[in-house]
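Quick look at protein.cif (mmCIF, C-alpha atoms):
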data_my_file
loop_
_atom_site.label_atom_id
_atom_site.label_comp_id
_atom_site.auth_asym_id
_atom_site.auth_seq_id
_atom_site.Cartn_x
_atom_site.Cartn_y
_atom_site.Cartn_z
CA MET A 1 39.95 15.91 -1.01
CA LYS A 2 40.57 18.33 1.91
CA PHE A 3 41.92 21.07 -0.37
CA GLU A 4 39.02 20.81 -2.84
CA TYR A 5 36.43 20.67 -0.04
CA PHE A 6 37.95 23.72 1.68
CA ILE A 7 37.82 25.81 -1.52
CA ALA A 8 34.29 24.59 -2.42
CA LYS A 9 33.01 25.55 1.03
CA ARG A 10 34.67 28.95 0.86
CA TYR A 11 33.05 29.69 -2.53
CA LEU A 12 29.60 28.77 -1.22
CA LYS A 13 29.79 30.85 1.97
CA ALA A 14 32.14 33.64 0.86
CA LYS A 15 31.43 36.90 2.71
CA ARG A 16 31.81 38.94 -0.44
CA ALA A 17 29.33 36.83 -2.37
CA THR A 18 26.60 38.93 -3.93
CA LEU A 19 23.05 38.86 -2.57
CA PHE A 20 21.94 37.47 -5.94
CA GLN A 21 24.39 34.54 -5.71
CA SER A 22 23.34 33.73 -2.14
CA THR A 23 19.67 33.86 -3.15
CA ILE A 24 20.26 31.49 -6.07
CA ILE A 25 22.09 29.03 -3.79
CA ILE A 26 19.21 29.13 -1.28
CA ILE A 27 16.67 28.62 -4.09
CA SER A 28 18.66 25.61 -5.35
CA ILE A 29 18.69 24.08 -1.86
CA CYS A 30 14.97 24.77 -1.43
CA GLY A 31 14.22 23.15 -4.79
CA VAL A 32 15.92 19.90 -3.75
CA PHE A 33 14.41 20.13 -0.26
CA ILE A 34 10.82 20.55 -1.56
CA GLY A 35 11.26 17.79 -4.14
CA VAL A 36 12.64 15.28 -1.64
CA ALA A 37 10.03 16.10 1.05
CA THR A 38 7.17 15.87 -1.47
CA ILE A 39 8.34 12.52 -2.85
CA LEU A 40 8.78 11.03 0.63
CA ILE A 41 5.33 12.16 1.82
CA VAL A 42 3.58 10.90 -1.33
CA LEU A 43 5.41 7.55 -1.31
CA SER A 44 4.67 7.09 2.41
CA VAL A 45 0.97 7.75 1.79
CA MET A 46 0.89 5.36 -1.17
CA SER A 47 2.76 2.68 0.80
CA GLY A 48 0.30 3.22 3.64
CA PHE A 49 -2.64 2.87 1.27
CA HIS A 50 -1.14 -0.34 -0.12
CA LYS A 51 -0.48 -1.78 3.37
CA ASP A 52 -3.84 -0.72 4.82
CA LEU A 53 -5.74 -2.16 1.87
CA ARG A 54 -3.77 -5.41 2.05
CA ASP A 55 -4.33 -5.73 5.81
CA LYS A 56 -8.07 -5.15 5.46
CA ILE A 57 -8.38 -7.65 2.62
CA LEU A 58 -6.37 -10.27 4.53
CA GLY A 59 -8.13 -9.45 7.80
CA THR A 60 -11.47 -10.44 6.27
CA ASN A 61 -10.26 -13.04 3.76
CA ALA A 62 -7.78 -15.85 4.30
CA HIS A 63 -4.38 -15.99 2.59
CA ILE A 64 -5.30 -19.08 0.55
CA ALA A 65 -8.67 -20.56 -0.47
CA VAL A 66 -8.77 -24.29 -1.29
CA LEU A 67 -11.60 -25.03 -3.75
CA LYS A 68 -12.60 -27.57 -6.36
CA TYR A 69 -12.62 -26.85 -10.08
CA PHE A 70 -15.91 -25.40 -11.32
CA ASN A 71 -16.60 -24.55 -7.63
CA GLU A 72 -18.09 -27.97 -7.02
CA PRO A 73 -18.96 -28.67 -3.35
CA ILE A 74 -16.33 -30.47 -1.26
CA ALA A 75 -17.98 -33.45 0.41
CA GLU A 76 -16.35 -35.28 3.33
CA TYR A 77 -13.91 -32.43 3.74
CA ASP A 78 -12.29 -33.65 6.98
CA SER A 79 -9.51 -35.49 5.14
CA ALA A 80 -8.75 -32.44 2.98
CA LEU A 81 -8.73 -30.24 6.10
CA THR A 82 -6.24 -32.59 7.78
CA ILE A 83 -3.90 -32.53 4.74
CA VAL A 84 -4.02 -28.73 4.67
CA ARG A 85 -3.29 -28.43 8.40
CA ASN A 86 -0.30 -30.78 8.08
CA ASN A 87 1.57 -28.27 5.92
CA PRO A 88 4.28 -26.74 8.20
CA HIS A 89 3.57 -23.20 6.91
CA VAL A 90 -0.16 -23.34 7.66
CA SER A 91 -1.11 -21.61 10.92
CA GLY A 92 -4.89 -22.00 10.59
CA ALA A 93 -7.62 -23.52 8.41
CA SER A 94 -11.40 -23.25 8.46
CA PRO A 95 -14.20 -24.58 6.19
CA PHE A 96 -16.60 -22.11 4.59
CA ILE A 97 -19.60 -21.79 2.28
CA TYR A 98 -19.85 -18.88 -0.14
CA THR A 99 -23.12 -17.92 -1.81
CA LYS A 100 -25.03 -14.91 -3.10
CA VAL A 101 -28.51 -14.27 -1.68
CA MET A 102 -31.22 -11.65 -1.37
CA ILE A 103 -32.22 -10.33 2.04
CA ASN A 104 -35.43 -8.61 3.03
CA HIS A 105 -36.32 -6.50 6.06
CA ASP A 106 -39.64 -4.65 6.09
CA SER A 107 -39.80 -3.01 2.65
CA TYR A 108 -36.03 -3.01 2.11
CA VAL A 109 -34.38 -5.59 -0.15
CA ASP A 110 -30.69 -5.99 -1.00
CA GLY A 111 -28.38 -8.52 -2.65
CA ILE A 112 -25.41 -9.64 -0.57
CA VAL A 113 -22.57 -12.14 -0.37
CA LEU A 114 -23.27 -14.62 2.42
CA ARG A 115 -20.57 -16.68 4.09
CA GLY A 116 -21.22 -19.74 6.16
CA VAL A 117 -18.38 -20.11 8.66
CA ASP A 118 -17.30 -22.47 11.42
CA GLU A 119 -17.43 -20.43 14.63
CA ASN A 120 -14.86 -22.70 16.31
CA THR A 121 -12.09 -22.19 13.71
CA LEU A 122 -12.95 -18.84 12.10
CA SER A 123 -10.54 -16.92 14.37
CA GLU A 124 -7.66 -19.00 12.94
CA VAL A 125 -8.05 -17.41 9.50
CA SER A 126 -9.90 -14.11 9.99
CA ASN A 127 -10.09 -11.22 12.45
CA ILE A 128 -13.69 -10.34 11.55
CA GLU A 129 -14.87 -11.22 15.07
CA SER A 130 -12.76 -8.35 16.45
CA LYS A 131 -14.53 -5.92 14.07
CA ILE A 132 -17.94 -6.30 15.76
CA ILE A 133 -19.26 -2.88 16.81
CA TYR A 134 -22.72 -3.95 17.98
CA GLY A 135 -23.86 -7.27 19.39
CA SER A 136 -21.71 -10.40 19.14
CA PHE A 137 -20.60 -13.10 16.70
CA LYS A 138 -22.75 -15.82 18.26
CA LEU A 139 -24.37 -17.34 15.16
CA SER A 140 -25.89 -20.53 16.60
CA GLY A 141 -27.52 -21.75 19.79
CA ASN A 142 -30.57 -19.46 19.52
CA ASP A 143 -34.21 -20.18 18.65
CA ILE A 144 -33.62 -18.46 15.28
CA PRO A 145 -30.21 -18.76 13.52
CA GLY A 146 -28.04 -15.68 13.84
CA ILE A 147 -26.60 -13.49 11.10
CA VAL A 148 -23.90 -10.82 11.25
CA LEU A 149 -24.03 -7.93 8.76
CA GLY A 150 -21.74 -5.12 7.66
CA SER A 151 -22.47 -1.68 9.15
CA ILE A 152 -23.30 0.03 5.84
CA LEU A 153 -25.50 -2.90 4.78
CA ALA A 154 -27.37 -2.69 8.10
CA ASP A 155 -27.94 1.03 7.53
CA ASN A 156 -29.16 0.43 3.98
CA ILE A 157 -31.90 -1.99 5.04
CA ARG A 158 -32.66 -0.11 8.32
CA ILE A 159 -31.93 -3.05 10.62
CA HIS A 160 -30.54 -3.34 14.14
CA THR A 161 -29.30 -6.15 16.37
CA GLY A 162 -32.24 -8.25 17.53
CA ASP A 163 -34.29 -7.62 14.38
CA GLU A 164 -35.30 -10.44 12.05
CA LEU A 165 -34.81 -10.64 8.30
CA THR A 166 -35.57 -13.10 5.52
CA VAL A 167 -32.92 -14.63 3.29
CA PHE A 168 -33.81 -15.79 -0.25
CA SER A 169 -31.44 -18.33 -1.82
CA THR A 170 -31.69 -19.44 -5.45
CA ALA A 171 -29.03 -22.10 -4.88
CA ASN A 172 -31.69 -24.40 -3.43
CA LEU A 173 -34.97 -24.00 -5.35
CA THR A 174 -38.16 -25.58 -4.06
CA PRO A 175 -40.52 -27.09 -6.70
CA THR A 176 -44.18 -26.05 -6.41
CA PRO A 177 -47.26 -26.24 -8.70
CA MET A 178 -46.46 -22.63 -9.62
CA GLY A 179 -42.88 -23.44 -10.54
CA TYR A 180 -39.61 -23.26 -8.64
CA ILE A 181 -39.32 -20.76 -5.81
CA PRO A 182 -36.23 -19.71 -3.85
CA LYS A 183 -35.46 -21.20 -0.46
CA LEU A 184 -36.58 -18.83 2.33
CA LYS A 185 -35.16 -18.75 5.83
CA LYS A 186 -35.53 -16.41 8.81
CA PHE A 187 -32.45 -15.07 10.61
CA ARG A 188 -31.98 -12.78 13.57
CA VAL A 189 -29.28 -10.08 13.43
CA VAL A 190 -26.92 -10.87 16.33
CA GLY A 191 -24.08 -8.56 15.38
CA ILE A 192 -22.93 -5.73 13.12
CA PHE A 193 -19.29 -5.45 12.04
CA GLU A 194 -17.21 -2.68 10.54
CA ALA A 195 -14.21 -3.94 8.56
CA GLY A 196 -13.29 -0.41 7.46
CA MET A 197 -13.60 -1.35 3.79
CA TYR A 198 -16.72 -0.27 1.92
CA GLU A 199 -16.93 -3.39 -0.24
CA TYR A 200 -17.23 -5.63 2.82
CA ASP A 201 -19.27 -3.33 5.05
CA ALA A 202 -21.90 -2.81 2.33
CA SER A 203 -22.36 -6.32 0.95
CA LEU A 204 -21.16 -9.04 3.30
CA GLY A 205 -22.98 -11.20 5.86
CA TYR A 206 -22.01 -14.16 8.02
CA ILE A 207 -24.08 -17.14 9.20
CA SER A 208 -23.07 -20.46 10.77
CA LEU A 209 -21.77 -23.24 8.56
CA ALA A 210 -24.71 -25.52 9.48
CA SER A 211 -27.26 -22.79 8.61
CA ALA A 212 -25.55 -22.16 5.29
CA GLN A 213 -25.55 -25.87 4.43
CA LYS A 214 -29.31 -26.04 5.05
CA LEU A 215 -29.96 -22.82 3.16
CA VAL A 216 -28.14 -23.84 -0.02
CA GLY A 217 -28.93 -27.56 0.26
CA MET A 218 -25.33 -28.77 0.54
CA GLU A 219 -25.97 -31.19 3.43
CA ASP A 220 -22.48 -31.95 4.85
CA ALA A 221 -20.50 -30.38 1.98
CA ILE A 222 -18.67 -27.02 1.87
CA THR A 223 -17.54 -24.57 -0.80
CA GLY A 224 -13.91 -24.56 0.28
CA ILE A 225 -11.29 -24.24 3.02
CA GLU A 226 -9.79 -20.91 4.06
CA VAL A 227 -6.11 -21.12 4.98
CA LYS A 228 -3.84 -18.78 6.94
CA ILE A 229 -0.06 -19.08 6.52
CA ASP A 230 2.99 -17.81 8.41
CA ASP A 231 4.41 -15.73 5.53
CA ILE A 232 1.89 -13.98 3.26
CA TYR A 233 4.49 -13.40 0.52
CA LYS A 234 5.10 -17.15 0.18
CA ALA A 235 1.42 -17.71 -0.63
CA PRO A 236 2.03 -18.81 -4.28
CA GLU A 237 4.57 -21.48 -3.23
CA ILE A 238 2.50 -22.79 -0.32
CA ALA A 239 -0.69 -22.81 -2.44
CA GLN A 240 1.16 -24.91 -5.02
CA GLN A 241 2.32 -27.33 -2.29
CA ILE A 242 -1.24 -27.73 -0.96
CA GLU A 243 -2.65 -28.18 -4.46
CA LYS A 244 -0.07 -30.86 -5.26
CA LYS A 245 -0.74 -32.68 -1.99
CA LEU A 246 -4.53 -32.71 -2.43
CA GLY A 247 -4.40 -33.55 -6.13
CA PHE A 248 -7.07 -33.08 -8.79
CA PRO A 249 -9.83 -31.77 -8.70
CA PHE A 250 -8.64 -29.48 -5.89
CA ARG A 251 -7.13 -26.08 -6.61
CA ALA A 252 -5.60 -23.50 -4.26
CA ASN A 253 -6.13 -19.81 -4.96
CA HIS A 254 -3.95 -17.31 -3.08
CA TRP A 255 -4.51 -13.66 -2.16
CA ILE A 256 -1.84 -12.34 -4.56
CA ARG A 257 -3.55 -13.92 -7.56
CA MET A 258 -7.05 -12.92 -6.44
CA ASN A 259 -6.02 -9.26 -6.01
CA ARG A 260 -3.34 -9.12 -8.70
CA SER A 261 -4.92 -6.35 -10.76
CA LEU A 262 -5.55 -4.11 -7.76
CA PHE A 263 -2.05 -4.36 -6.29
CA ALA A 264 -0.38 -4.18 -9.71
CA ALA A 265 -2.24 -0.91 -10.36
CA LEU A 266 -1.17 0.45 -6.95
CA LYS A 267 2.47 -0.50 -7.60
CA LEU A 268 2.42 1.09 -11.06
CA GLU A 269 0.84 4.24 -9.64
CA LYS A 270 3.57 4.47 -7.00
CA VAL A 271 6.34 4.14 -9.62
CA VAL A 272 4.71 6.74 -11.90
CA MET A 273 4.28 9.19 -9.02
CA PHE A 274 7.94 8.74 -8.08
CA ILE A 275 9.02 9.50 -11.66
CA ILE A 276 6.73 12.54 -11.94
CA LEU A 277 7.75 14.02 -8.60
CA THR A 278 11.43 13.43 -9.37
CA LEU A 279 11.00 16.15 -12.00
CA ILE A 280 10.87 18.63 -9.10
CA ILE A 281 14.43 17.62 -8.20
CA VAL A 282 15.42 17.79 -11.87
CA VAL A 283 14.16 21.39 -12.01
CA ALA A 284 16.18 22.11 -8.86
CA ALA A 285 19.19 20.56 -10.62
CA PHE A 286 18.95 23.20 -13.35
CA ASN A 287 19.17 25.82 -10.60
CA ILE A 288 22.34 24.10 -9.39
CA ILE A 289 23.75 24.22 -12.94
CA GLY A 290 22.95 27.93 -13.21
CA THR A 291 24.44 28.64 -9.78
CA LEU A 292 27.70 26.83 -10.54
CA ILE A 293 28.06 28.47 -13.99
CA MET A 294 27.61 31.86 -12.34
CA ILE A 295 30.26 31.01 -9.70
CA VAL A 296 32.65 29.80 -12.44
CA ILE A 297 32.25 33.11 -14.29
CA GLN A 298 32.75 35.11 -11.09
CA LYS A 299 35.74 33.02 -9.98
CA THR A 300 37.58 32.94 -13.32
CA LYS A 301 40.54 34.84 -11.88
CA ASP A 302 40.64 32.58 -8.78
CA ILE A 303 40.62 29.49 -11.00
CA GLY A 304 43.52 30.91 -13.02
CA ILE A 305 45.50 31.61 -9.83
CA LEU A 306 44.79 28.14 -8.43
CA LYS A 307 45.96 26.51 -11.68
CA SER A 308 49.10 28.67 -11.81
CA MET A 309 49.88 27.55 -8.23
CA GLY A 310 49.77 23.90 -9.32
CA ALA A 311 46.11 22.86 -9.00
CA SER A 312 45.24 20.28 -11.64
CA SER A 313 42.17 20.31 -13.88
CA LYS A 314 40.79 17.34 -11.92
CA GLN A 315 41.11 19.26 -8.66
CA ILE A 316 39.29 22.25 -10.16
CA MET A 317 36.56 19.90 -11.37
CA ARG A 318 36.25 18.39 -7.91
CA ILE A 319 35.87 21.84 -6.33
CA PHE A 320 32.78 22.66 -8.37
CA MET A 321 31.40 19.13 -8.21
CA LEU A 322 31.65 19.26 -4.44
CA GLN A 323 29.75 22.56 -4.42
CA GLY A 324 26.85 20.98 -6.28
CA VAL A 325 26.91 17.87 -4.09
CA ILE A 326 26.93 20.04 -0.94
CA ILE A 327 23.88 21.98 -2.20
CA GLY A 328 22.10 18.73 -3.09
CA SER A 329 23.04 17.06 0.20
CA ILE A 330 21.79 19.96 2.33
CA GLY A 331 18.52 20.02 0.38
CA THR A 332 18.20 16.22 0.65
CA VAL A 333 18.81 16.15 4.41
CA LEU A 334 16.31 18.97 5.03
CA GLY A 335 13.79 17.28 2.73
CA MET A 336 14.15 13.95 4.53
CA ILE A 337 13.71 15.58 7.95
CA VAL A 338 10.53 17.39 6.84
CA GLY A 339 9.26 14.35 4.90
CA ILE A 340 9.70 12.04 7.91
CA LEU A 341 8.14 14.60 10.28
CA VAL A 342 5.08 15.27 8.09
CA SER A 343 4.59 11.55 7.37
CA PHE A 344 4.81 10.76 11.09
CA LEU A 345 2.26 13.46 12.00
CA LEU A 346 -0.11 12.36 9.21
CA GLY A 347 0.11 8.75 10.36
CA LYS A 348 -0.33 9.51 14.07
CA TYR A 349 -3.03 12.20 14.04
CA LYS A 350 -4.81 11.28 10.75
CA PHE A 351 -5.66 14.88 9.78
CA ILE A 352 -7.17 13.92 6.42
CA SER A 353 -10.34 11.83 6.05
CA LEU A 354 -11.47 10.12 2.84
CA PRO A 355 -14.85 8.96 1.48
CA SER A 356 -14.69 5.21 2.19
CA ASP A 357 -16.99 4.31 -0.71
CA VAL A 358 -14.45 5.78 -3.16
CA TYR A 359 -11.08 4.91 -1.59
CA PHE A 360 -12.02 1.72 0.35
CA ILE A 361 -10.63 3.36 3.52
CA ASP A 362 -11.81 6.26 5.67
CA THR A 363 -8.54 8.03 6.63
CA LEU A 364 -5.31 8.85 4.83
CA PRO A 365 -2.93 5.99 5.70
CA VAL A 366 0.83 6.44 6.07
CA HIS A 367 3.54 3.78 6.10
CA MET A 368 7.19 4.83 5.97
CA VAL A 369 9.37 2.34 4.09
CA LEU A 370 13.13 2.53 4.64
CA ASP A 371 13.93 1.41 1.08
CA ASP A 372 11.87 4.29 -0.36
CA PHE A 373 13.76 6.82 1.76
CA ILE A 374 17.13 5.43 0.72
CA ILE A 375 16.19 5.40 -3.00
CA VAL A 376 14.92 8.99 -2.85
CA ALA A 377 18.03 10.23 -1.01
CA VAL A 378 20.41 8.48 -3.43
CA ALA A 379 18.42 9.71 -6.47
CA ALA A 380 18.42 13.33 -5.21
CA ILE A 381 22.16 13.37 -4.56
CA ALA A 382 22.86 11.57 -7.87
CA ILE A 383 20.81 14.16 -9.82
CA SER A 384 22.63 16.97 -7.97
CA PHE A 385 25.96 15.35 -8.85
CA LEU A 386 25.05 15.03 -12.54
CA ALA A 387 24.09 18.70 -12.56
CA THR A 388 27.66 19.63 -11.57
CA LEU A 389 29.39 17.92 -14.50
CA TYR A 390 29.02 20.65 -17.15
CA PRO A 391 29.98 23.64 -14.92
CA ALA A 392 32.86 21.63 -13.40
CA MET A 393 34.23 20.67 -16.83
CA LYS A 394 33.87 24.28 -17.99
CA ALA A 395 35.92 25.45 -14.99
CA ALA A 396 38.56 22.73 -15.53
CA ARG A 397 39.09 23.74 -19.17
CA LEU A 398 39.92 27.36 -18.34
CA ASP A 399 43.41 28.41 -19.46
CA PRO A 400 45.13 29.96 -16.39
CA VAL A 401 47.07 32.49 -18.51
CA LYS A 402 43.94 33.77 -20.25
CA ALA A 403 41.94 33.66 -17.02
CA ILE A 404 44.41 35.94 -15.23
CA ARG A 405 45.15 38.19 -18.27
CA TYR A 406 41.51 39.12 -18.92
CA GLU A 407 40.85 39.78 -15.25
#
Can you present the structure in this file as structure tokens?
Amino acid sequence: MKFEYFIAKRYLKAKRATLFQSTIIIISICGVFIGVATILIVLSVMSGFHKDLRDKILGTNAHIAVLKYFNEPIAEYDSALTIVRNNPHVSGASPFIYTKVMINHDSYVDGIVLRGVDENTLSEVSNIESKIIYGSFKLSGNDIPGIVLGSILADNIRIHTGDELTVFSTANLTPTPMGYIPKLKKFRVVGIFEAGMYEYDASLGYISLASAQKLVGMEDAITGIEVKIDDIYKAPEIAQQIEKKLGFPFRANHWIRMNRSLFAALKLEKVVMFIILTLIIVVAAFNIIGTLIMIVIQKTKDIGILKSMGASSKQIMRIFMLQGVIIGSIGTVLGMIVGILVSFLLGKYKFISLPSDVYFIDTLPVHMVLDDFIIVAVAAIAISFLATLYPAMKAARLDPVKAIRYE
């Protein structure tokens, strides 16, 4: 290929090439460069969004939740907890109670999701304790039971650490001559957390497992067991193992199933964006086609001379195919350099902020995935190669006698 490469390089950087030809070549390179850089930046942002959202969901929620069918309470859960912990892939397990309640502070009322958690084992399945921005996560041991609220929720009801609030639970109604009334209980705000996800920060609260059992009237029962595993992508298999070991009426729900719609939509969006942005490279490929056709027309005499000297049609084809591949490769390399650089700067300095109530997160996340970069590079060079086929075949079909005669 040395002969073909030498000629292809000479045609691209010939000193007597017209300004118009040089400009078209530069435009073709820029087209591929812009397309590749844009795709890499967008895919890195979308991968970052996917990873950041997954990490925040799994930072607050466990990988697997062991429940009973119809969400019946799990009584005498110690044996179930032991079976779950005995699975070799389980790195942590903690009992929990999940309920919806109303809270009241002064004249402010809001509906929230309340979780009763075991303070001794919560850190095995969740990192919520590290998200405390005010106060602490000490839920028990005080004169009034403690409660931890999300930062946006605390703002909404105008409450601070040390303040008291009232929790209304309809899960444990008290009969009176006037009818049934909700169970009321006083709590003191001991901490405020910020998970970085609007859904949690605006509607989630934590109390101790014992306080939750009294509030909802579950005595020694729990809603379920949160489980953390060593490989999050094996959650379906491990959940099935746990479910089989516990038997009916237990069921194990994993994070992939619980968030299937959300992550499927994100994956589809990423694929669609890749396809749409690839059209930029396709447009650049038409520039490559135009450039090579123009070079073929200008080099008709040279092609005739090369053929008369013994160059085969395949060698002539390779010359023009190499030109297109060189243009595409230069554009791809430049695009990858700029794409990596911009993605790195966006990820490190976080120039762009987002409304957290719309996008779940407050800054533009970036996560560079090697597979994405390889796929984009291969696709760009492949499109550039396909763009060379017609001009290369046109050059290969030229009759050397006619090419020289008409020149």
**Report entry** Given the PyMOL selection byres ((chain A and resi 115-129) around 9), the residues it picks as a VMD selection string
**Finding:** chain A and resid 58 to 63 91 to 100 113 to 114 130 to 132 136 to 140 193 to 195 204 to 213 222 226 to 229
Query - Contact residues around A:Ser308 with only C-alpha atoms at 9 Å, ignoring same-chain residues under 3 positions, as number ranges by chain - result: A: 303-305, 311, 400-401
Taking (-3.5, -7.2, -6.4) in the file's own coordinates, collect the residues within 12 Å, counting only C-alpha atoms, and hand them back as a short mmCIF file (atom, residue, chain, number, x, y, z; two decimals) with C-alpha atoms, in the coordinates of the input.
data_model
loop_
_atom_site.label_atom_id
_atom_site.label_comp_id
_atom_site.auth_asym_id
_atom_site.auth_seq_id
_atom_site.Cartn_x
_atom_site.Cartn_y
_atom_site.Cartn_z
CA HIS A 50 -1.14 -0.34 -0.12
CA LYS A 51 -0.48 -1.78 3.37
CA LEU A 53 -5.74 -2.16 1.87
CA ARG A 54 -3.77 -5.41 2.05
CA ILE A 57 -8.38 -7.65 2.62
CA LEU A 58 -6.37 -10.27 4.53
CA HIS A 254 -3.95 -17.31 -3.08
CA TRP A 255 -4.51 -13.66 -2.16
CA ILE A 256 -1.84 -12.34 -4.56
CA ARG A 257 -3.55 -13.92 -7.56
CA MET A 258 -7.05 -12.92 -6.44
CA ASN A 259 -6.02 -9.26 -6.01
CA ARG A 260 -3.34 -9.12 -8.70
CA SER A 261 -4.92 -6.35 -10.76
CA LEU A 262 -5.55 -4.11 -7.76
CA PHE A 263 -2.05 -4.36 -6.29
CA ALA A 264 -0.38 -4.18 -9.71
CA ALA A 265 -2.24 -0.91 -10.36
CA LEU A 266 -1.17 0.45 -6.95
CA LYS A 267 2.47 -0.50 -7.60
CA LEU A 268 2.42 1.09 -11.06
#
Query - Nearby residues, (6.0, 4.4, -4.6) file frame, 8 Å, all atoms listed in the file, as a list in words - result: Val42, Leu43, Ser44, Met46, Ser47, Lys267, Glu269, Lys270, Val271, Val272, Met273, Phe274 and Asp372 of chain A
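Here atom CA of A:Lys301 and atom CA of A:Asp399 stand 10.3 Å from one another.
The residue that comes closest to A:Gln323, out of A:Ile383, A:Ala392, A:Val32, A:Leu364 and on the basis of all atoms listed in the file, is A:Ala392.
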